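Trainee: Quick one, start-v6.pdb (PDB, N, CA and C atoms):
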```
ATOM      1  N   MET A   1     133.447  81.531  73.578
ATOM      2  CA  MET A   1     132.001  81.514  73.589
ATOM      3  C   MET A   1     131.511  80.979  74.929
ATOM      4  N   LEU A   2     130.403  81.508  75.415
ATOM      5  CA  LEU A   2     129.842  81.125  76.709
ATOM      6  C   LEU A   2     128.927  79.929  76.539
ATOM      7  N   ASN A   3     129.170  78.890  77.345
ATOM      8  CA  ASN A   3     128.351  77.693  77.275
ATOM      9  C   ASN A   3     127.281  77.779  78.357
ATOM     10  N   VAL A   4     126.093  78.220  77.991
ATOM     11  CA  VAL A   4     125.002  78.423  78.935
ATOM     12  C   VAL A   4     124.544  77.104  79.542
ATOM     13  N   ASP A   5     124.553  76.043  78.751
ATOM     14  CA  ASP A   5     124.110  74.740  79.271
ATOM     15  C   ASP A   5     125.013  74.243  80.397
ATOM     16  N   ALA A   6     126.300  74.539  80.344
ATOM     17  CA  ALA A   6     127.230  74.104  81.389
ATOM     18  C   ALA A   6     127.104  74.995  82.630
ATOM     19  N   ALA A   7     126.736  76.252  82.465
ATOM     20  CA  ALA A   7     126.629  77.185  83.599
ATOM     21  C   ALA A   7     125.332  76.999  84.378
ATOM     22  N   ASP A   8     124.306  76.466  83.749
ATOM     23  CA  ASP A   8     123.002  76.337  84.397
ATOM     24  C   ASP A   8     123.039  75.523  85.686
ATOM     25  N   PRO A   9     123.648  74.331  85.738
ATOM     26  CA  PRO A   9     123.666  73.587  86.999
ATOM     27  C   PRO A   9     124.440  74.314  88.102
ATOM     28  N   TRP A  10     125.513  75.014  87.749
ATOM     29  CA  TRP A  10     126.298  75.746  88.749
ATOM     30  C   TRP A  10     125.494  76.916  89.325
ATOM     31  N   ALA A  11     124.746  77.567  88.477
ATOM     32  CA  ALA A  11     123.916  78.670  88.945
ATOM     33  C   ALA A  11     122.822  78.160  89.873
ATOM     34  N   SER A  12     122.260  77.008  89.587
ATOM     35  CA  SER A  12     121.236  76.423  90.447
ATOM     36  C   SER A  12     121.806  76.052  91.811
ATOM     37  N   VAL A  13     122.992  75.470  91.823
ATOM     38  CA  VAL A  13     123.630  75.096  93.088
ATOM     39  C   VAL A  13     123.953  76.347  93.903
ATOM     40  N   ALA A  14     124.495  77.363  93.274
ATOM     41  CA  ALA A  14     124.848  78.605  93.976
ATOM     42  C   ALA A  14     123.596  79.283  94.528
ATOM     43  N   GLY A  15     122.520  79.327  93.770
ATOM     44  CA  GLY A  15     121.279  79.936  94.240
ATOM     45  C   GLY A  15     120.674  79.172  95.404
ATOM     46  N   GLY A  16     120.704  77.843  95.340
ATOM     47  CA  GLY A  16     120.189  77.017  96.435
ATOM     48  C   GLY A  16     121.014  77.199  97.707
ATOM     49  N   ALA A  17     122.334  77.246  97.560
ATOM     50  CA  ALA A  17     123.207  77.441  98.722
ATOM     51  C   ALA A  17     122.965  78.812  99.350
ATOM     52  N   ALA A  18     122.824  79.843  98.548
ATOM     53  CA  ALA A  18     122.566  81.187  99.070
ATOM     54  C   ALA A  18     121.226  81.225  99.809
ATOM     55  N   GLY A  19     120.224  80.544  99.293
ATOM     56  CA  GLY A  19     118.925  80.486  99.953
ATOM     57  C   GLY A  19     118.997  79.788 101.304
ATOM     58  N   LEU A  20     119.722  78.675 101.376
ATOM     59  CA  LEU A  20     119.868  77.957 102.640
ATOM     60  C   LEU A  20     120.653  78.762 103.671
ATOM     61  N   ILE A  21     121.686  79.463 103.243
ATOM     62  CA  ILE A  21     122.450  80.311 104.156
ATOM     63  C   ILE A  21     121.567  81.439 104.684
ATOM     64  N   GLY A  22     120.786  82.048 103.808
ATOM     65  CA  GLY A  22     119.868  83.109 104.229
ATOM     66  C   GLY A  22     118.837  82.608 105.220
ATOM     67  N   LEU A  23     118.308  81.418 105.005
ATOM     68  CA  LEU A  23     117.339  80.833 105.933
ATOM     69  C   LEU A  23     117.983  80.574 107.293
ATOM     70  N   ALA A  24     119.196  80.044 107.301
ATOM     71  CA  ALA A  24     119.891  79.767 108.563
ATOM     72  C   ALA A  24     120.158  81.048 109.355
ATOM     73  N   VAL A  25     120.582  82.095 108.671
ATOM     74  CA  VAL A  25     120.848  83.366 109.352
ATOM     75  C   VAL A  25     119.558  83.960 109.906
ATOM     76  N   THR A  26     118.482  83.876 109.167
ATOM     77  CA  THR A  26     117.191  84.388 109.627
ATOM     78  C   THR A  26     116.699  83.638 110.860
ATOM     79  N   LEU A  27     116.775  82.322 110.841
ATOM     80  CA  LEU A  27     116.340  81.535 111.998
ATOM     81  C   LEU A  27     117.200  81.823 113.224
ATOM     82  N   TYR A  28     118.485  81.988 113.037
ATOM     83  CA  TYR A  28     119.355  82.295 114.165
ATOM     84  C   TYR A  28     119.005  83.668 114.751
ATOM     85  N   ALA A  29     118.735  84.638 113.876
ATOM     86  CA  ALA A  29     118.389  85.981 114.355
ATOM     87  C   ALA A  29     117.064  85.968 115.118
ATOM     88  N   LEU A  30     116.127  85.160 114.696
ATOM     89  CA  LEU A  30     114.820  85.107 115.360
ATOM     90  C   LEU A  30     114.838  84.267 116.631
ATOM     91  N   LEU A  31     115.590  83.191 116.642
ATOM     92  CA  LEU A  31     115.518  82.237 117.746
ATOM     93  C   LEU A  31     116.818  82.093 118.528
ATOM     94  N   GLY A  32     117.822  82.884 118.211
ATOM     95  CA  GLY A  32     119.135  82.739 118.830
ATOM     96  C   GLY A  32     119.135  83.049 120.315
ATOM     97  N   PRO A  33     120.152  82.591 121.046
ATOM     98  CA  PRO A  33     120.204  82.762 122.494
ATOM     99  C   PRO A  33     120.372  84.204 122.948
ATOM    100  N   GLU A  34     120.878  85.074 122.102
ATOM    101  CA  GLU A  34     121.086  86.467 122.498
ATOM    102  C   GLU A  34     119.863  87.334 122.281
ATOM    103  N   ARG A  35     118.756  86.774 121.876
ATOM    104  CA  ARG A  35     117.562  87.551 121.536
ATOM    105  C   ARG A  35     117.109  88.447 122.687
ATOM    106  N   ALA A  36     117.023  87.921 123.903
ATOM    107  CA  ALA A  36     116.569  88.727 125.039
ATOM    108  C   ALA A  36     117.595  89.792 125.400
ATOM    109  N   GLN A  37     118.865  89.482 125.327
ATOM    110  CA  GLN A  37     119.902  90.451 125.636
ATOM    111  C   GLN A  37     119.920  91.575 124.609
ATOM    112  N   ALA A  38     119.738  91.231 123.349
ATOM    113  CA  ALA A  38     119.786  92.238 122.294
ATOM    114  C   ALA A  38     118.652  93.239 122.433
ATOM    115  N   ALA A  39     117.532  92.799 122.968
ATOM    116  CA  ALA A  39     116.392  93.694 123.112
ATOM    117  C   ALA A  39     116.638  94.748 124.177
ATOM    118  N   GLY A  40     117.543  94.490 125.139
ATOM    119  CA  GLY A  40     117.856  95.465 126.178
ATOM    120  C   GLY A  40     116.745  95.636 127.197
ATOM    121  N   VAL A  41     115.989  94.585 127.461
ATOM    122  CA  VAL A  41     114.882  94.649 128.419
ATOM    123  C   VAL A  41     115.295  93.903 129.677
ATOM    124  N   THR A  42     115.256  94.599 130.833
ATOM    125  CA  THR A  42     115.678  93.997 132.095
ATOM    126  C   THR A  42     114.690  94.343 133.200
ATOM    127  N   ALA A  43     114.235  93.336 133.919
ATOM    128  CA  ALA A  43     113.415  93.526 135.116
ATOM    129  C   ALA A  43     114.131  92.821 136.256
ATOM    130  N   SER A  44     114.685  93.594 137.204
ATOM    131  CA  SER A  44     115.507  92.971 138.233
ATOM    132  C   SER A  44     114.988  93.128 139.656
ATOM    133  N   GLY A  45     114.037  93.967 139.909
ATOM    134  CA  GLY A  45     113.500  94.134 141.253
ATOM    135  C   GLY A  45     112.408  93.118 141.538
ATOM    136  N   ALA A  46     112.106  92.921 142.824
ATOM    137  CA  ALA A  46     111.025  92.016 143.192
ATOM    138  C   ALA A  46     109.716  92.516 142.582
ATOM    139  N   ARG A  47     109.009  91.636 141.905
ATOM    140  CA  ARG A  47     107.724  91.931 141.258
ATOM    141  C   ARG A  47     107.820  93.040 140.212
ATOM    142  N   SER A  48     108.978  93.238 139.640
ATOM    143  CA  SER A  48     109.116  94.282 138.617
ATOM    144  C   SER A  48     108.734  93.726 137.254
ATOM    145  N   VAL A  49     108.306  94.614 136.379
ATOM    146  CA  VAL A  49     107.863  94.243 135.042
ATOM    147  C   VAL A  49     108.519  95.187 134.042
ATOM    148  N   ALA A  50     109.103  94.626 132.993
ATOM    149  CA  ALA A  50     109.670  95.445 131.923
ATOM    150  C   ALA A  50     109.257  94.836 130.593
ATOM    151  N   ALA A  51     108.939  95.688 129.637
ATOM    152  CA  ALA A  51     108.546  95.228 128.308
ATOM    153  C   ALA A  51     109.168  96.134 127.265
ATOM    154  N   GLY A  52     109.655  95.543 126.202
ATOM    155  CA  GLY A  52     110.258  96.314 125.129
ATOM    156  C   GLY A  52     109.239  97.111 124.339
ATOM    157  N   GLY A  53     107.988  96.695 124.372
ATOM    158  CA  GLY A  53     106.921  97.405 123.688
ATOM    159  C   GLY A  53     105.929  97.958 124.683
ATOM    160  N   GLY A  54     104.665  97.977 124.306
ATOM    161  CA  GLY A  54     103.634  98.502 125.185
ATOM    162  C   GLY A  54     103.137  97.459 126.173
ATOM    163  N   ILE A  55     102.534  97.936 127.263
ATOM    164  CA  ILE A  55     101.918  97.073 128.268
ATOM    165  C   ILE A  55     100.460  97.488 128.376
ATOM    166  N   GLY A  56      99.546  96.544 128.223
ATOM    167  CA  GLY A  56      98.135  96.875 128.328
ATOM    168  C   GLY A  56      97.677  97.032 129.759
ATOM    169  N   SER A  57      97.945  96.037 130.600
ATOM    170  CA  SER A  57      97.475  96.059 131.978
ATOM    171  C   SER A  57      98.392  95.174 132.812
ATOM    172  N   VAL A  58      98.813  95.677 133.989
ATOM    173  CA  VAL A  58      99.682  94.894 134.861
ATOM    174  C   VAL A  58      99.393  95.234 136.323
ATOM    175  N   ALA A  59      99.419  94.204 137.179
ATOM    176  CA  ALA A  59      99.250  94.391 138.620
ATOM    177  C   ALA A  59     100.353  93.606 139.321
ATOM    178  N   THR A  60     101.051  94.250 140.253
ATOM    179  CA  THR A  60     102.140  93.581 140.970
ATOM    180  C   THR A  60     101.861  93.428 142.455
ATOM    181  N   GLY A  61     100.791  93.990 142.961
ATOM    182  CA  GLY A  61     100.488  93.924 144.393
ATOM    183  C   GLY A  61      99.686  92.685 144.752
ATOM    184  N   ASP A  62      99.685  92.347 146.051
ATOM    185  CA  ASP A  62      98.893  91.217 146.543
ATOM    186  C   ASP A  62      97.413  91.556 146.454
ATOM    187  N   GLY A  63      96.661  90.760 145.741
ATOM    188  CA  GLY A  63      95.226  90.959 145.612
ATOM    189  C   GLY A  63      94.834  92.151 144.752
ATOM    190  N   ALA A  64      95.793  92.830 144.176
ATOM    191  CA  ALA A  64      95.502  94.012 143.351
ATOM    192  C   ALA A  64      95.151  93.600 141.930
ATOM    193  N   THR A  65      94.324  94.388 141.321
ATOM    194  CA  THR A  65      94.014  94.188 139.911
ATOM    195  C   THR A  65      94.182  95.517 139.194
ATOM    196  N   ALA A  66      94.773  95.458 138.057
ATOM    197  CA  ALA A  66      94.910  96.666 137.242
ATOM    198  C   ALA A  66      93.619  96.853 136.469
ATOM    199  N   GLY A  67      93.297  98.082 136.214
ATOM    200  CA  GLY A  67      92.113  98.359 135.417
ATOM    201  C   GLY A  67      92.297  97.847 134.002
ATOM    202  N   PRO A  68      91.225  97.843 133.256
ATOM    203  CA  PRO A  68      91.340  97.361 131.879
ATOM    204  C   PRO A  68      92.197  98.321 131.054
ATOM    205  N   PRO A  69      92.805  97.801 130.013
ATOM    206  CA  PRO A  69      93.555  98.691 129.129
ATOM    207  C   PRO A  69      92.606  99.694 128.466
ATOM    208  N   PRO A  70      93.120 100.734 127.880
ATOM    209  CA  PRO A  70      92.254 101.729 127.248
ATOM    210  C   PRO A  70      91.257 101.080 126.288
ATOM    211  N   PRO A  71      89.993 101.531 126.321
ATOM    212  CA  PRO A  71      88.955 100.877 125.523
ATOM    213  C   PRO A  71      89.114 101.062 124.025
ATOM    214  N   THR A  72      89.636 102.164 123.603
ATOM    215  CA  THR A  72      89.772 102.375 122.157
ATOM    216  C   THR A  72      91.101 101.810 121.689
ATOM    217  N   PRO A  73      91.066 100.984 120.661
ATOM    218  CA  PRO A  73      92.318 100.430 120.173
ATOM    219  C   PRO A  73      93.194 101.536 119.581
ATOM    220  N   THR A  74      94.407 101.542 119.996
ATOM    221  CA  THR A  74      95.362 102.499 119.464
ATOM    222  C   THR A  74      96.406 101.745 118.656
ATOM    223  N   PRO A  75      96.994 102.400 117.690
ATOM    224  CA  PRO A  75      98.033 101.694 116.943
ATOM    225  C   PRO A  75      99.182 101.352 117.883
ATOM    226  N   PRO A  76      99.795 100.190 117.696
ATOM    227  CA  PRO A  76     100.879  99.813 118.597
ATOM    228  C   PRO A  76     102.028 100.805 118.511
ATOM    229  N   SER A  77     102.608 101.082 119.665
ATOM    230  CA  SER A  77     103.742 101.994 119.680
ATOM    231  C   SER A  77     104.974 101.279 119.148
ATOM    232  N   ARG A  78     105.925 102.066 118.704
ATOM    233  CA  ARG A  78     107.173 101.482 118.226
ATOM    234  C   ARG A  78     107.930 100.906 119.407
ATOM    235  N   PRO A  79     108.678  99.812 119.174
ATOM    236  CA  PRO A  79     109.499  99.273 120.257
ATOM    237  C   PRO A  79     110.525 100.301 120.729
ATOM    238  N   ALA A  80     111.018 100.104 121.920
ATOM    239  CA  ALA A  80     111.987 101.027 122.503
ATOM    240  C   ALA A  80     113.238 101.097 121.641
ATOM    241  N   SER A  81     113.789 102.293 121.536
ATOM    242  CA  SER A  81     115.012 102.454 120.765
ATOM    243  C   SER A  81     116.243 102.257 121.635
ATOM    244  N   GLY A  82     116.072 102.207 122.930
ATOM    245  CA  GLY A  82     117.178 101.986 123.854
ATOM    246  C   GLY A  82     116.785 100.975 124.899
ATOM    247  N   PRO A  83     117.606 100.798 125.917
ATOM    248  CA  PRO A  83     117.295  99.816 126.946
ATOM    249  C   PRO A  83     116.071 100.205 127.778
ATOM    250  N   VAL A  84     115.340  99.202 128.226
ATOM    251  CA  VAL A  84     114.193  99.384 129.101
ATOM    252  C   VAL A  84     114.505  98.626 130.382
ATOM    253  N   THR A  85     114.540  99.332 131.517
ATOM    254  CA  THR A  85     114.938  98.715 132.770
ATOM    255  C   THR A  85     113.953  99.047 133.876
ATOM    256  N   ALA A  86     113.473  98.023 134.559
ATOM    257  CA  ALA A  86     112.655  98.180 135.766
ATOM    258  C   ALA A  86     113.466  97.549 136.891
ATOM    259  N   SER A  87     114.068  98.382 137.757
ATOM    260  CA  SER A  87     115.030  97.836 138.713
ATOM    261  C   SER A  87     114.605  97.910 140.174
ATOM    262  N   GLY A  88     113.596  98.647 140.503
ATOM    263  CA  GLY A  88     113.159  98.724 141.895
ATOM    264  C   GLY A  88     112.042  97.747 142.171
ATOM    265  N   GLU A  89     111.739  97.565 143.448
ATOM    266  CA  GLU A  89     110.649  96.674 143.823
ATOM    267  C   GLU A  89     109.336  97.190 143.240
ATOM    268  N   ARG A  90     108.602  96.303 142.557
ATOM    269  CA  ARG A  90     107.317  96.584 141.925
ATOM    270  C   ARG A  90     107.395  97.695 140.877
ATOM    271  N   SER A  91     108.544  97.897 140.300
ATOM    272  CA  SER A  91     108.665  98.927 139.271
ATOM    273  C   SER A  91     108.163  98.389 137.934
ATOM    274  N   VAL A  92     107.693  99.293 137.107
ATOM    275  CA  VAL A  92     107.160  98.941 135.796
ATOM    276  C   VAL A  92     107.793  99.864 134.769
ATOM    277  N   ALA A  93     108.321  99.293 133.708
ATOM    278  CA  ALA A  93     108.917 100.084 132.633
ATOM    279  C   ALA A  93     108.502  99.492 131.301
ATOM    280  N   ALA A  94     108.262 100.357 130.340
ATOM    281  CA  ALA A  94     107.875  99.903 129.013
ATOM    282  C   ALA A  94     108.523 100.770 127.958
ATOM    283  N   GLY A  95     108.876 100.148 126.862
ATOM    284  CA  GLY A  95     109.417 100.894 125.740
ATOM    285  C   GLY A  95     108.326 101.553 124.929
ATOM    286  N   GLY A  96     107.082 101.216 125.213
ATOM    287  CA  GLY A  96     105.938 101.798 124.515
ATOM    288  C   GLY A  96     104.946 102.349 125.510
ATOM    289  N   ASP A  97     103.681 102.286 125.145
ATOM    290  CA  ASP A  97     102.617 102.826 125.990
ATOM    291  C   ASP A  97     102.280 101.864 127.130
ATOM    292  N   ILE A  98     101.810 102.429 128.252
ATOM    293  CA  ILE A  98     101.316 101.640 129.385
ATOM    294  C   ILE A  98      99.852 102.012 129.570
ATOM    295  N   GLY A  99      98.979 101.008 129.540
ATOM    296  CA  GLY A  99      97.552 101.263 129.669
ATOM    297  C   GLY A  99      97.114 101.448 131.108
ATOM    298  N   SER A 100      97.333 100.441 131.972
ATOM    299  CA  SER A 100      96.878 100.495 133.349
ATOM    300  C   SER A 100      97.843  99.707 134.229
ATOM    301  N   VAL A 101      98.252 100.316 135.365
ATOM    302  CA  VAL A 101      99.203  99.681 136.271
ATOM    303  C   VAL A 101      98.727  99.823 137.698
ATOM    304  N   SER A 102      98.852  98.759 138.488
ATOM    305  CA  SER A 102      98.607  98.816 139.926
ATOM    306  C   SER A 102      99.776  98.118 140.602
ATOM    307  N   THR A 103     100.499  98.840 141.459
ATOM    308  CA  THR A 103     101.661  98.248 142.120
ATOM    309  C   THR A 103     101.467  98.058 143.616
ATOM    310  N   GLY A 104     100.370  98.537 144.178
ATOM    311  CA  GLY A 104     100.135  98.418 145.620
ATOM    312  C   GLY A 104      99.279  97.217 145.948
ATOM    313  N   ASP A 105      99.286  96.847 147.227
ATOM    314  CA  ASP A 105      98.442  95.737 147.704
ATOM    315  C   ASP A 105      97.020  96.256 147.936
ATOM    316  N   SER A 106      96.051  95.391 147.688
ATOM    317  CA  SER A 106      94.663  95.784 147.967
ATOM    318  C   SER A 106      94.348  95.471 149.429
ATOM    319  N   ALA A 107      93.447  96.206 149.975
ATOM    320  CA  ALA A 107      93.102  96.022 151.395
ATOM    321  C   ALA A 107      92.218  94.851 151.612
TER     322      ALA A 107
END
```
Would you mind writing the structure in this file as structure tokens?
Mentor:
Amino acid sequence: MLNVDAADPWASVAGGAAGLIGLAVTLYALLGPERAQAAGVTASGARSVAAGGGIGSVATGDGATAGPPPPTPTPPSRPASGPVTASGERSVAAGGDIGSVSTGDSA
């Protein structure tokens, strides 16, 4: 015969332990040291910009300003499915949409 009263404390301990393990794994996935590497986003050139998602407005030149992002709100684009790399001087790369970019110096 199954003794439910004796199994109850063991089930509570097992459920609590599983919850704590799940919380630890979630926090590590969100805050772990490999987070930036896993995203595959690299900006290596002078004044380069790379983003795994969309970029609203960016300016890399001296005294330059990028125009405002598009006035109508658009749904956010999906993050990049592969690596996003901006490797040249003042290069800009995004895994999503780019609203406005200025890479030259203003006069």
Trainee: Run the PyMOL selection byres ((chain A and resi 43) around 6.5) on the file and write out the hits as a list in words.
Mentor: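 Output from the PyMOL selection byres ((chain A and resi 43) around 6.5), applied to this file: Val41, Thr42, Ser44, Gly45, Ser48, Val49, Ala50, Val84, Thr85, Ala86 and Ser87 of chain A.
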Trainee: Go ahead and dump the residues you just picked, N, CA and C atoms, as a PDB file, in the frame of the given file.
Mentor:
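again_29.pdb, written as the output of this step:
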```
ATOM      1  N   VAL A  41     115.989  94.585 127.461  1.00  0.00           N
ATOM      2  CA  VAL A  41     114.882  94.649 128.419  1.00  0.00           C
ATOM      3  C   VAL A  41     115.295  93.903 129.677  1.00  0.00           C
ATOM      4  N   THR A  42     115.256  94.599 130.833  1.00  0.00           N
ATOM      5  CA  THR A  42     115.678  93.997 132.095  1.00  0.00           C
ATOM      6  C   THR A  42     114.690  94.343 133.200  1.00  0.00           C
ATOM      7  N   SER A  44     114.685  93.594 137.204  1.00  0.00           N
ATOM      8  CA  SER A  44     115.507  92.971 138.233  1.00  0.00           C
ATOM      9  C   SER A  44     114.988  93.128 139.656  1.00  0.00           C
ATOM     10  N   GLY A  45     114.037  93.967 139.909  1.00  0.00           N
ATOM     11  CA  GLY A  45     113.500  94.134 141.253  1.00  0.00           C
ATOM     12  C   GLY A  45     112.408  93.118 141.538  1.00  0.00           C
ATOM     13  N   SER A  48     108.978  93.238 139.640  1.00  0.00           N
ATOM     14  CA  SER A  48     109.116  94.282 138.617  1.00  0.00           C
ATOM     15  C   SER A  48     108.734  93.726 137.254  1.00  0.00           C
ATOM     16  N   VAL A  49     108.306  94.614 136.379  1.00  0.00           N
ATOM     17  CA  VAL A  49     107.863  94.243 135.042  1.00  0.00           C
ATOM     18  C   VAL A  49     108.519  95.187 134.042  1.00  0.00           C
ATOM     19  N   ALA A  50     109.103  94.626 132.993  1.00  0.00           N
ATOM     20  CA  ALA A  50     109.670  95.445 131.923  1.00  0.00           C
ATOM     21  C   ALA A  50     109.257  94.836 130.593  1.00  0.00           C
ATOM     22  N   VAL A  84     115.340  99.202 128.226  1.00  0.00           N
ATOM     23  CA  VAL A  84     114.193  99.384 129.101  1.00  0.00           C
ATOM     24  C   VAL A  84     114.505  98.626 130.382  1.00  0.00           C
ATOM     25  N   THR A  85     114.540  99.332 131.517  1.00  0.00           N
ATOM     26  CA  THR A  85     114.938  98.715 132.770  1.00  0.00           C
ATOM     27  C   THR A  85     113.953  99.047 133.876  1.00  0.00           C
ATOM     28  N   ALA A  86     113.473  98.023 134.559  1.00  0.00           N
ATOM     29  CA  ALA A  86     112.655  98.180 135.766  1.00  0.00           C
ATOM     30  C   ALA A  86     113.466  97.549 136.891  1.00  0.00           C
ATOM     31  N   SER A  87     114.068  98.382 137.757  1.00  0.00           N
ATOM     32  CA  SER A  87     115.030  97.836 138.713  1.00  0.00           C
ATOM     33  C   SER A  87     114.605  97.910 140.174  1.00  0.00           C
TER      34      SER A  87
END
```
Trainee: With only C-alpha atoms as the basis for distance, which of A:Ala51, A:Ala46, A:Val25, A:Val13 is at the shortest distance from Thr103 in chain A?
Mentor: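 Selected residue with least distance to Thr103 in chain A: A:Ala46.
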Trainee: Quick one: of A:Asp5, A:Ala66, A:Leu30, A:Thr60, who's nearest to Asp105 in chain A, counting all atoms listed in the file?
Mentor: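 Ranking A:Asp5, A:Ala66, A:Leu30, A:Thr60 by distance to Asp105 in chain A, first place goes to A:Thr60.
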Trainee: Report, in Å with one decimal, the straight-line distance from CA of Leu27 in chain A to CA of Gly82 in chain A.
Mentor: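 Taking CA of Leu27 in chain A and CA of Gly82 in chain A, their separation equals 23.7 Å.
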Trainee: Could you state the separation of CA of Ser91 in chain A and atom N of Gly104 in chain A in Å, given to one decimal place?
Mentor: 9.6 Å
Trainee: Using only N, CA and C atoms, which residues sit within 7 Å of Ser57 in chain A once same-chain residues fewer than 3 positions away are excluded, as a ChimeraX atom specification?
Mentor: /A:54,66-69,98-102
Trainee: Go through A:Gly53, A:Gly15, A:Gly40, A:Ile21 one by one, measure the shortest atom-to-atom distance of each to Ala94 in chain A using all atoms listed in the file, and give the residue with the smallest value.
Mentor: A:Gly53
